[in-house]
There are 4 protein chains.
Amino acid sequence: LLRHSNVRVTYLAAATTTGTLNSIHPEFLDQTKLSCEKFKIQKAQKICDALFVAVPHTQAMNIVPELIKADKRVIDLSADYRFPKASEYKKYYGHEHTDKANLSKAVYGLPEIYREEIKHAQLIANPGCYPTSAILGLLPLTSTFSENIQQIIIDAKSGVTGAGKKLTNHLMFSEVNENLKAYKVLSHQHKPEIENQINKMAGHMIPLAFVPHLVPMNQGILSTMYLFVKKPLSLAHIHKIYKNFYKTEPSVRILPLGQQPETKNVFETHYCDIGLAIKDHLIVVTSAIDNLMKGAASQAVQNMNIMYGFQENLGID
Amino acid sequence: LLRHSNVRVTYLAAATTTGTLNSIHPEFLDQTKLSCEKFKIQKAQKICDALFVAVPHTQAMNIVPELIKADKRVIDLSADYRFPKASEYKKYYGHEHTDKANLSKAVYGLPEIYREEIKHAQLIANPGCYPTSAILGLLPLTSTFSENIQQIIIDAKSGVTGAGKKLTNHLMFSEVNENLKAYKVLSHQHKPEIENQINKMAGHMIPLAFVPHLVPMNQGILSTMYLFVKKPLSLAHIHKIYKNFYKTEPSVRILPLGQQPETKNVFETHYCDIGLAIKDHLIVVTSAIDNLMKGAASQAVQNMNIMYGFQENLGID
Amino acid sequence: LLRHSNVRVTYLAAATTTGTLNSIHPEFLDQTKLSCEKFKIQKAQKICDALFVAVPHTQAMNIVPELIKADKRVIDLSADYRFPKASEYKKYYGHEHTDKANLSKAVYGLPEIYREEIKHAQLIANPGCYPTSAILGLLPLTSTFSENIQQIIIDAKSGVTGAGKKLTNHLMFSEVNENLKAYKVLSHQHKPEIENQINKMAGHMIPLAFVPHLVPMNQGILSTMYLFVKKPLSLAHIHKIYKNFYKTEPSVRILPLGQQPETKNVFETHYCDIGLAIKDHLIVVTSAIDNLMKGAASQAVQNMNIMYGFQENLGID
Amino acid sequence: LLRHSNVRVTYLAAATTTGTLNSIHPEFLDQTKLSCEKFKIQKAQKICDALFVAVPHTQAMNIVPELIKADKRVIDLSADYRFPKASEYKKYYGHEHTDKANLSKAVYGLPEIYREEIKHAQLIANPGCYPTSAILGLLPLTSTFSENIQQIIIDAKSGVTGAGKKLTNHLMFSEVNENLKAYKVLSHQHKPEIENQINKMAGHMIPLAFVPHLVPMNQGILSTMYLFVKKPLSLAHIHKIYKNFYKTEPSVRILPLGQQPETKNVFETHYCDIGLAIKDHLIVVTSAIDNLMKGAASQAVQNMNIMYGFQENLGID
């Protein structure tokens, strides 16, 4: 945001971490005089037009209602507003939703589906990193050929920053480095988030399984997706479908046939790179994003740009 | 082998790399006076009882016939003797097989299937690393419940040493580090090797797909396997099947329910660790090995131990 | 350069690698239509105003003379023009210098020393990565207190990209990962390059030793420098010297007292971060750069900006 | 210890972590039935002959006196008994020493210096990881040519496990990976530990500076040591001194001239590898150990072996 030509950062706040930005993140030394203050909702309401809320789930729904009430526009990076139904939120996150009023107003911030709604939204639920990667990879088929798809498997692999900065044992260097594992097998909370969007676009329910893995690297998600189809399609045909589907999208790149995405090619970029393969009734879609960019921060900025009618890639490229 | 109480290393040879072992691999300094010589088949025939042949595919079948003729016992780590049919070898490796006589005598060196045959074998085809990981993970279900399995997907992830020490651009540190990618999607040569064994044990053909990935770490393979079954089983039931199937096997560990294997838990060990999960008609089996150990070297020693009637884990633990 | 507002890339060429830029570096997909051609000096002379020459040493001096003759401005990233004397080049790089005429015209492209000369230079010798890190860390003391300094030790640590993209065994992932070593101990060719600049600014010779190390990461150099001084200075005094020395420099950041630089804080930036400590007669200066940025590419662009009177950080930030 | 032929592990205990060993460290699955209990000094006294105490400093001196009183032999891996003087302990660790009686009985457990004392010791202070690496590298010169040495600099680099398993932000994967930094510059608590031993063997005080660095890898320490000598020696001469000094030592390997140690060559081994270089008055000694092995655990076992008259490398190789 510091480089965004249409934005002035007026307020930077956190629950506990305070001080000059460069004392918290030394890479900002000599680049800004911004300080991070203890969050006060009144101040936020007073000096901001739009707010990025990046707090753990269940905490966002304590803050957002006050901001909405004060007519602010909000881009929330937690999971609190990603499910249209409070009952789903309770089911998957284990907490009663306390802001049902705004839940129904929130727009799921994936511009590739909801660009029009985002323009006029007051509250954006910025998508999860795994869901962004998976949905973008699946969408061209599930929204146009859904009746042909019998089953979807998403085998997703992520670098560690996807889990945030929590101080937990399994994110220590000595636990992650030179190690590889699956976790929350068939029970990760991002599965229903993916399912919601896929089924909504498909118009009916497609069986879907999701298994995430932790990979020893900082940034990057690669989702390898397996789609069983009733009638085989040619690879060239599928490739055309993908190219067409995203032809006006600035953030999605369909790789030339025969190429596969690599997370380093999208590292620190806003791109989602997609590769394709097929054998008989099985289509394999691979999709790579930087979980901190298109999977979180730059997608939030893209949403803000759309909300304010700015050029969509301002401050992102 | 230097620590194996029943083995004396009498001959160490290579095509081009020669010199004292510690000049080639400095970690052996002061541990051995062994030297690596330019390979001469006559010398090998003269001073060895058993030989480990670890050369690229197509080169093994130039060496092995002479060794077999001289009544030596051979454990070949290449792919040259892994397929029962020369036509399959040609199909997947693109070369005519020039030693069909021995091809039919070779035993696939996976003790968990072929222990009895290995005892009397003169020629062992030591399994590939991906196949070892995948077959061990699938076997309990595919060999006992095969008629219930409709489709298998193997999403495999490997550290870089699985690819050998070839000097290729895509194995450079700067290419692998902080990167993740799928490669040879649906076209890797280990797929038919897996299929051969699975179908043979099942007694019929089960549709199977294989997608390997390269992960930024040295050693370790994690295979995440998805099996679609006609009739769901309970997780406890499947767990019991696995525990029973491997109850006398020294190298396979079935994790307690709810746990998932991690490659670091099998790092530099001979173990294959297996985890299980199920949701409706989808069983997810995860299997971890060290590709240099159970996936190559220690499996070769295990095979030798069986061939000579030694205790199976001598020199391995 | 693609984002540099005052630059148009008209020619991209290499000795052997050719094709569209995104076929060579897939991260450029959909970002440019540039292709890399086989280098032809006539074409370079015809369609370029300024050229970045990034070829191995000894090859630059075959290309540069023709470009200079054609009145082009050249920024050379090799070592060929970094030594004022051909005899030194021969001594440290083992080759006769074949372009002595231009050698004397070349300006060493470290703006913090030679900004005025760079403005009017036709040929820039872009500094080595280790020398940039070391010289910037040493300069404030060696150019102002040189008579007080008895001895300097530079213990430098670098990620692998400092060595270029050579396909050599010791840069393979499995050799670098989880490993750490010193190399070319007291005999690295960057030592005389550092010495040249330090002694020139000091006005006399200061004994200096240099030991580089290879660290398992992609980018970043940390140089830990030990200076023995005759008369101790207070840490606050030294800190002031450094702050003053670089007060107008956009690329150098002196850390607050008590802080130490980390390579991740300068990752993908043009900064050189410097930390200080002292105990009695020993001053410890630590300096961190990104070897691909201030240690190579962005410094080359900074030099170009200065040569053309552009804003110095254009295309760099 | 589980593989040590002369040891039976009778008691495994911790302050807070309890349960079966394989629930705490899954790599032990199916290998042992050992459980870790909440530490009770009475039980330790009752069922153990010798104890390895591996608790944070200041906590060891609460446990050790009771064990000594009960006539147990103790190998303590904390810093509590490494300094002969309680005043030094207080100075460097900031705590009053509460077990001065045993402090004077403790033997510093570096067999290369104190093998004879270790044989009869009841209490061993197992050395720190940095000190082991540094002292072994310096000893041949500082104990035989000390009057010729003017100054020593130790620039040490360590993987993250040297810092233990503390849950601190700076040991998180995302902080360590792709990063490099110096820390506790000239103020690390291992410096006086090194100094103590070096000066004792030298018979007088040699000025010494110590700067540690954190490197993105799990295991391994490389210490690059710079010794300024009054009279230059030939490299061959120094090499001979080192070879002779360690000729009967099983754990120290002096590399052939021209070679440099790499941490991967000592990974998971008990070796300390040492390399040498010289230019004029500056000798550069590089020394590599695995911080978890010779730098901690295997050195503790080596000490136990010596205490009990076992073969020194039992359970270590």
# chains A, B, ... in the order shown; residues from 1 in each chain; ligands from 1

call {"tool": "interface_residues", "arguments": {"of": "chain D", "to": "chain A", "cutoff": "12 Å", "atoms": "only C-alpha atoms", "output": "list in words"}}
result
His25, Gly159, Val160, Thr161, Gly162, Ala163, Gly164, Lys165, Lys166, Leu167, Thr168, Asn169, His170, Leu171, Met172, Phe173, Ser174, Glu175, Val176, Asn177, Glu178, Asn179, Leu214, Val215, Pro216, Met217, Asn218 and Gln219 of chain D

call {"tool": "write_last_selection", "arguments": {"atoms": "C-alpha atoms", "output": "PDB file, in the first residue's frame"}}
result
ATOM      1  CA  HIS D  25       8.904 -38.542  19.029  1.00  0.00           C
ATOM      2  CA  GLY D 159      22.096 -24.543  12.245  1.00  0.00           C
ATOM      3  CA  VAL D 160      19.016 -23.867  14.353  1.00  0.00           C
ATOM      4  CA  THR D 161      18.979 -26.920  16.607  1.00  0.00           C
ATOM      5  CA  GLY D 162      21.918 -25.467  18.499  1.00  0.00           C
ATOM      6  CA  ALA D 163      19.403 -23.224  20.219  1.00  0.00           C
ATOM      7  CA  GLY D 164      17.294 -26.074  21.577  1.00  0.00           C
ATOM      8  CA  LYS D 165      13.549 -26.523  21.084  1.00  0.00           C
ATOM      9  CA  LYS D 166      12.449 -23.231  22.598  1.00  0.00           C
ATOM     10  CA  LEU D 167       9.278 -21.852  21.063  1.00  0.00           C
ATOM     11  CA  THR D 168      10.588 -18.427  20.098  1.00  0.00           C
ATOM     12  CA  ASN D 169       9.757 -16.259  17.162  1.00  0.00           C
ATOM     13  CA  HIS D 170      13.289 -16.138  15.774  1.00  0.00           C
ATOM     14  CA  LEU D 171      13.379 -19.937  15.397  1.00  0.00           C
ATOM     15  CA  MET D 172      10.186 -20.140  13.319  1.00  0.00           C
ATOM     16  CA  PHE D 173      10.655 -21.546   9.832  1.00  0.00           C
ATOM     17  CA  SER D 174       9.612 -18.310   8.147  1.00  0.00           C
ATOM     18  CA  GLU D 175      12.190 -16.355  10.161  1.00  0.00           C
ATOM     19  CA  VAL D 176      15.138 -18.705   9.609  1.00  0.00           C
ATOM     20  CA  ASN D 177      14.568 -19.999   6.097  1.00  0.00           C
ATOM     21  CA  GLU D 178      16.272 -17.942   3.372  1.00  0.00           C
ATOM     22  CA  ASN D 179      17.846 -15.784   6.038  1.00  0.00           C
ATOM     23  CA  LEU D 214      22.352 -18.442  12.485  1.00  0.00           C
ATOM     24  CA  VAL D 215      22.233 -20.422   9.228  1.00  0.00           C
ATOM     25  CA  PRO D 216      19.099 -21.890   7.566  1.00  0.00           C
ATOM     26  CA  MET D 217      19.743 -25.564   8.231  1.00  0.00           C
ATOM     27  CA  ASN D 218      18.888 -27.998  11.011  1.00  0.00           C
ATOM     28  CA  GLN D 219      22.202 -29.346  12.212  1.00  0.00           C
TER      29      GLN D 219
END

call {"tool": "residues_around", "arguments": {"residues": "Ala182 (chain D)", "least_positions_apart": "2", "cutoff": "9 Å", "atoms": "only C-alpha atoms", "output": "list of chain:residue names"}}
result
C:Leu222, C:Thr224, C:Gln260, C:Pro261, C:Glu262, C:Thr286, D:Lys157, D:Leu180, D:Lys184, D:Val185, D:Val211, D:Pro212, D:His213, D:Leu214

call {"tool": "atom_distance", "arguments": {"atom1": "CA of Ile283 (chain C)", "atom2": "CA of Ala288 (chain D)"}}
result
25.7 Å

call {"tool": "select_by_dssp", "arguments": {"residues": "region 225-274 of chain C", "states": "alpha helix (DSSP H)", "output": "list in words"}}
result
Leu235, Ala236, His237, Ile238, His239, Lys240, Ile241, Tyr242, Lys243, Asn244, Phe245, Thr263, Lys264, Asn265 and Val266 of chain C
